[in-house]
Amino acid sequence: MKFGAMLGDITRSLFRKPFTEKYPFEKHAAPDRLRGQLTYHPEKCTGCGLCNKDCPSDAIELITIDKKAKRFVLRYDMARCTFCAQCVQNCRFECLGMSHDQWELAALTREPFTVYYGKDEDVQTIVERFAHPKTDEPAQ
Ligand code: SF4
Ligand code: SF4
C-alpha cells in the first residue's frame with residue numbers, strides 16, 4: 001500500500017466510531033441458537049443414560065440415587081463440554097437443553113465448571129458422597 005493511501009485510511013479512521021464492542025460494559029443479547037451451558041429438567045428424566053453414553057467428551061454423568069423414585073443427579077463438567085448438543089439430541093424426553101444466555105463461563109479455577117443438577121436434596125446427597133467417599137479397603 002502506498003503511503004498516501006495509508007495516510008487517507010488513517011485520517012478517515014480517526015473520525016469513525018470504533019467497530020469493537022465495549023464488552024463487558026455493554027452487552028448484546030446472544031443469538032437464540034447459541035449453545036451455552038447445559039440445562040436439565042430432572043422431573044422429566046427416566047434415567048435411561050443415553051445422554052452420558054454418547055457424550056464424546058465424557059462431560060456428563062448420570063448418577064442414580066433411586067431409579068423407581070426417579071431420583072437422579074446429573075453431574076456436568078463444563079470444562080470438558082464441547083457444546084456439541086449430542087446429549088440434547090439423544091434425550092427423547094426433552095430433559096436437556098442448551099441455554100442461549102448462559103455463555104459467560106470463564107473462571108480462574110476448574111471448580112466452578114463442575115455443576116450438579118437435580119432436586120436440591122438429591123444434589124446435597126451426591127455432593128456429600130463425593131466429599132466423603134466410602135472405601136471398601138480395610139484399615140491398616
Ligand atoms: S454438549 Fe456434547 S460434550 Fe457437552 S455434555 Fe452434551 S454431549 Fe457432552
Ligand atoms: S437421555 Fe434424557 S431421560 Fe435419559 S438419562 Fe439423559 S436426561 Fe435422563
# chains A, B, ... in the order shown; residues from 1 in each chain; ligands from 1

$ residues_near_ligand --ligand "ligand 2" --cutoff "8 Å" --atoms "only C-alpha atoms and all ligand atoms" --output "PyMOL selection string"
chain A and resi 40-42+44-52+62+74+87-88+90-96

$ residues_near_ligand --ligand "ligand 1" --cutoff "10 Å" --atoms "only C-alpha atoms and all ligand atoms" --output "MDAnalysis selection string"
chainID A and resid 35:39 50:61 75:90 96:98

$ atom_distance --atom1 "atom CA of Tyr116 of chain A" --atom2 "atom CA of Val73 of chain A"
6.5 Å

$ select_by_dssp --residues "chain A" --states "strand (DSSP E)" --output "list in words"
Leu38, Thr39, Tyr40, Ile60, Glu61, Leu62, Ile63, Thr64, Ile65, Asp66, Arg71, Phe72, Val73, Leu74, Arg75, Tyr76, Asp77, Leu96, Gly97, Met98, Thr114, Val115, Tyr116 and Tyr117 of chain A

$ write_last_selection --atoms "C-alpha atoms" --output "compact mmCIF listing (two decimals), in the first residue's frame"
# COMPACT_ATOMS: atom_id res chain seq x y z
CA LEU A 38 -26.42 -27.33 29.53
CA THR A 39 -29.81 -27.28 31.26
CA TYR A 40 -31.53 -30.29 32.85
CA ILE A 60 -21.78 -35.69 31.88
CA GLU A 61 -22.50 -38.44 34.32
CA LEU A 62 -25.96 -39.55 35.36
CA ILE A 63 -25.93 -40.62 38.99
CA THR A 64 -28.89 -42.75 40.07
CA ILE A 65 -29.99 -42.47 43.68
CA ASP A 66 -33.28 -44.34 43.31
CA ARG A 71 -34.13 -39.65 41.80
CA PHE A 72 -31.22 -38.73 39.55
CA VAL A 73 -28.41 -36.22 39.66
CA LEU A 74 -26.64 -35.08 36.53
CA ARG A 75 -23.00 -34.17 37.04
CA TYR A 76 -21.90 -31.79 34.32
CA ASP A 77 -18.30 -30.78 33.70
CA LEU A 96 -31.82 -31.43 28.29
CA GLY A 97 -31.25 -28.14 26.53
CA MET A 98 -28.52 -25.62 25.88
CA THR A 114 -18.47 -28.85 37.73
CA VAL A 115 -22.20 -28.44 38.23
CA TYR A 116 -24.70 -30.84 39.80
CA TYR A 117 -28.28 -30.77 38.52

$ residues_around --residues "Ala29 of chain A" --least-positions-apart "2" --cutoff "12 Å" --atoms "only C-alpha atoms" --output "ChimeraX atom specification"
/A:23,26-27,31-34,100-103

$ write_last_selection --atoms "all heavy atoms" --output "CSV table (one decimal), in the first residue's frame"
chain,number,residue,atom,x,y,z
A,23,TYR,N,-17.6,-4.5,25.5
A,23,TYR,CA,-17.8,-5.7,26.4
A,23,TYR,C,-16.8,-5.6,27.5
A,23,TYR,O,-15.6,-5.4,27.2
A,23,TYR,CB,-17.7,-7.0,25.6
A,23,TYR,CG,-17.9,-8.2,26.5
A,23,TYR,CD1,-19.2,-8.7,26.8
A,23,TYR,CD2,-16.8,-8.8,27.0
A,23,TYR,CE1,-19.3,-9.8,27.6
A,23,TYR,CE2,-17.0,-9.9,27.9
A,23,TYR,CZ,-18.2,-10.4,28.1
A,23,TYR,OH,-18.4,-11.5,28.9
A,26,GLU,N,-21.0,-3.1,27.9
A,26,GLU,CA,-22.2,-3.1,27.0
A,26,GLU,C,-22.3,-4.5,26.4
A,26,GLU,O,-21.3,-5.0,25.8
A,26,GLU,CB,-22.1,-2.1,25.9
A,26,GLU,CG,-22.2,-0.7,26.4
A,26,GLU,CD,-22.0,0.3,25.3
A,26,GLU,OE1,-22.0,0.0,24.1
A,26,GLU,OE2,-21.8,1.5,25.6
A,27,LYS,N,-23.5,-5.1,26.6
A,27,LYS,CA,-23.7,-6.5,26.0
A,27,LYS,C,-24.8,-6.5,25.1
A,27,LYS,O,-25.8,-5.8,25.3
A,27,LYS,CB,-23.9,-7.4,27.2
A,27,LYS,CG,-22.8,-7.6,28.1
A,27,LYS,CD,-23.1,-8.5,29.2
A,27,LYS,CE,-22.0,-8.5,30.3
A,27,LYS,NZ,-22.3,-9.4,31.4
A,31,PRO,N,-27.5,-14.8,20.3
A,31,PRO,CA,-28.4,-15.4,19.3
A,31,PRO,C,-29.2,-16.5,20.0
A,31,PRO,O,-28.7,-17.2,20.8
A,31,PRO,CB,-27.5,-15.9,18.2
A,31,PRO,CG,-26.2,-15.3,18.4
A,31,PRO,CD,-26.1,-14.9,19.8
A,32,ASP,N,-30.5,-16.7,19.6
A,32,ASP,CA,-31.3,-17.8,20.2
A,32,ASP,C,-30.7,-19.1,20.0
A,32,ASP,O,-31.0,-20.0,20.9
A,32,ASP,CB,-32.7,-17.7,19.5
A,32,ASP,CG,-33.5,-16.6,19.9
A,32,ASP,OD1,-33.1,-15.9,20.9
A,32,ASP,OD2,-34.5,-16.2,19.3
A,33,ARG,N,-30.0,-19.4,19.0
A,33,ARG,CA,-29.5,-20.8,18.7
A,33,ARG,C,-28.1,-21.0,19.3
A,33,ARG,O,-27.5,-22.0,19.1
A,33,ARG,CB,-29.5,-21.1,17.2
A,33,ARG,CG,-30.9,-21.1,16.7
A,33,ARG,CD,-30.9,-21.5,15.2
A,33,ARG,NE,-30.4,-22.8,15.0
A,33,ARG,CZ,-30.1,-23.3,13.8
A,33,ARG,NH1,-30.1,-22.5,12.8
A,33,ARG,NH2,-29.6,-24.5,13.7
A,34,LEU,N,-27.6,-20.0,20.0
A,34,LEU,CA,-26.2,-20.2,20.6
A,34,LEU,C,-26.3,-21.3,21.7
A,34,LEU,O,-27.3,-21.5,22.4
A,34,LEU,CB,-25.8,-18.9,21.4
A,34,LEU,CG,-24.4,-18.9,22.0
A,34,LEU,CD1,-23.6,-17.7,21.5
A,34,LEU,CD2,-24.4,-19.0,23.5
A,100,HIS,N,-29.2,-20.4,25.7
A,100,HIS,CA,-28.5,-19.4,24.8
A,100,HIS,C,-27.9,-18.2,25.6
A,100,HIS,O,-27.1,-17.5,25.1
A,100,HIS,CB,-29.4,-19.0,23.7
A,100,HIS,CG,-30.4,-17.9,24.1
A,100,HIS,ND1,-31.5,-18.2,24.9
A,100,HIS,CD2,-30.4,-16.6,24.0
A,100,HIS,CE1,-32.2,-17.0,25.1
A,100,HIS,NE2,-31.5,-16.1,24.6
A,101,ASP,N,-28.4,-18.0,26.8
A,101,ASP,CA,-28.0,-16.8,27.6
A,101,ASP,C,-26.9,-17.1,28.7
A,101,ASP,O,-26.5,-16.2,29.3
A,101,ASP,CB,-29.2,-16.0,28.1
A,101,ASP,CG,-30.1,-16.9,28.9
A,101,ASP,OD1,-29.8,-18.1,29.0
A,101,ASP,OD2,-31.0,-16.4,29.5
A,102,GLN,N,-26.6,-18.4,28.8
A,102,GLN,CA,-25.6,-18.7,29.8
A,102,GLN,C,-24.3,-19.1,29.1
A,102,GLN,O,-24.0,-20.3,28.9
A,102,GLN,CB,-26.0,-19.9,30.7
A,102,GLN,CG,-27.3,-19.7,31.5
A,102,GLN,CD,-27.1,-18.7,32.6
A,102,GLN,OE1,-26.1,-18.8,33.3
A,102,GLN,NE2,-28.0,-17.8,32.7
A,103,TRP,N,-23.6,-18.1,28.7
A,103,TRP,CA,-22.4,-18.3,27.9
A,103,TRP,C,-21.1,-17.7,28.4
A,103,TRP,O,-20.0,-17.9,28.0
A,103,TRP,CB,-22.6,-17.9,26.4
A,103,TRP,CG,-23.0,-16.5,26.3
A,103,TRP,CD1,-24.3,-16.0,26.3
A,103,TRP,CD2,-22.1,-15.3,26.2
A,103,TRP,NE1,-24.3,-14.6,26.2
A,103,TRP,CE2,-23.0,-14.2,26.2
A,103,TRP,CE3,-20.8,-15.1,26.2
A,103,TRP,CZ2,-22.5,-12.9,26.1
A,103,TRP,CZ3,-20.3,-13.8,26.1
A,103,TRP,CH2,-21.1,-12.7,26.1

$ atom_distance --atom1 "atom CA of Arg110 of chain A" --atom2 "atom CA of Ala131 of chain A"
16.3 Å

$ select_by_dssp --residues "segment 42-86 of chain A" --states "helix (DSSP H, G or I)" --output "VMD selection string"
chain A and resid 42 to 44 50 to 53 86

$ write_last_selection --atoms "N, CA, C and O atoms" --output "PDB file, in the first residue's frame"
ATOM      1  N   PRO A  42     -34.965 -32.423  35.863  1.00  0.00           N
ATOM      2  CA  PRO A  42     -34.981 -33.752  36.492  1.00  0.00           C
ATOM      3  C   PRO A  42     -36.364 -34.398  36.523  1.00  0.00           C
ATOM      4  O   PRO A  42     -36.483 -35.615  36.511  1.00  0.00           O
ATOM      5  N   GLU A  43     -37.412 -33.589  36.529  1.00  0.00           N
ATOM      6  CA  GLU A  43     -38.763 -34.159  36.644  1.00  0.00           C
ATOM      7  C   GLU A  43     -39.147 -34.985  35.411  1.00  0.00           C
ATOM      8  O   GLU A  43     -40.008 -35.857  35.472  1.00  0.00           O
ATOM      9  N   LYS A  44     -38.477 -34.729  34.266  1.00  0.00           N
ATOM     10  CA  LYS A  44     -38.809 -35.489  33.044  1.00  0.00           C
ATOM     11  C   LYS A  44     -37.875 -36.682  32.832  1.00  0.00           C
ATOM     12  O   LYS A  44     -38.099 -37.502  31.962  1.00  0.00           O
ATOM     13  N   LEU A  50     -28.888 -42.430  28.088  1.00  0.00           N
ATOM     14  CA  LEU A  50     -28.443 -42.223  26.707  1.00  0.00           C
ATOM     15  C   LEU A  50     -27.579 -40.977  26.561  1.00  0.00           C
ATOM     16  O   LEU A  50     -26.695 -40.921  25.721  1.00  0.00           O
ATOM     17  N   CYS A  51     -27.856 -39.991  27.380  1.00  0.00           N
ATOM     18  CA  CYS A  51     -27.110 -38.730  27.269  1.00  0.00           C
ATOM     19  C   CYS A  51     -25.638 -38.930  27.598  1.00  0.00           C
ATOM     20  O   CYS A  51     -24.758 -38.544  26.818  1.00  0.00           O
ATOM     21  N   ASN A  52     -25.355 -39.579  28.727  1.00  0.00           N
ATOM     22  CA  ASN A  52     -23.927 -39.710  29.066  1.00  0.00           C
ATOM     23  C   ASN A  52     -23.252 -40.815  28.264  1.00  0.00           C
ATOM     24  O   ASN A  52     -22.047 -40.791  28.072  1.00  0.00           O
ATOM     25  N   LYS A  53     -24.029 -41.761  27.738  1.00  0.00           N
ATOM     26  CA  LYS A  53     -23.442 -42.837  26.929  1.00  0.00           C
ATOM     27  C   LYS A  53     -22.803 -42.268  25.662  1.00  0.00           C
ATOM     28  O   LYS A  53     -21.727 -42.713  25.255  1.00  0.00           O
ATOM     29  N   GLN A  86     -24.971 -33.162  21.399  1.00  0.00           N
ATOM     30  CA  GLN A  86     -25.302 -34.565  21.140  1.00  0.00           C
ATOM     31  C   GLN A  86     -26.238 -35.110  22.222  1.00  0.00           C
ATOM     32  O   GLN A  86     -27.201 -35.811  21.927  1.00  0.00           O
TER      33      GLN A  86
END
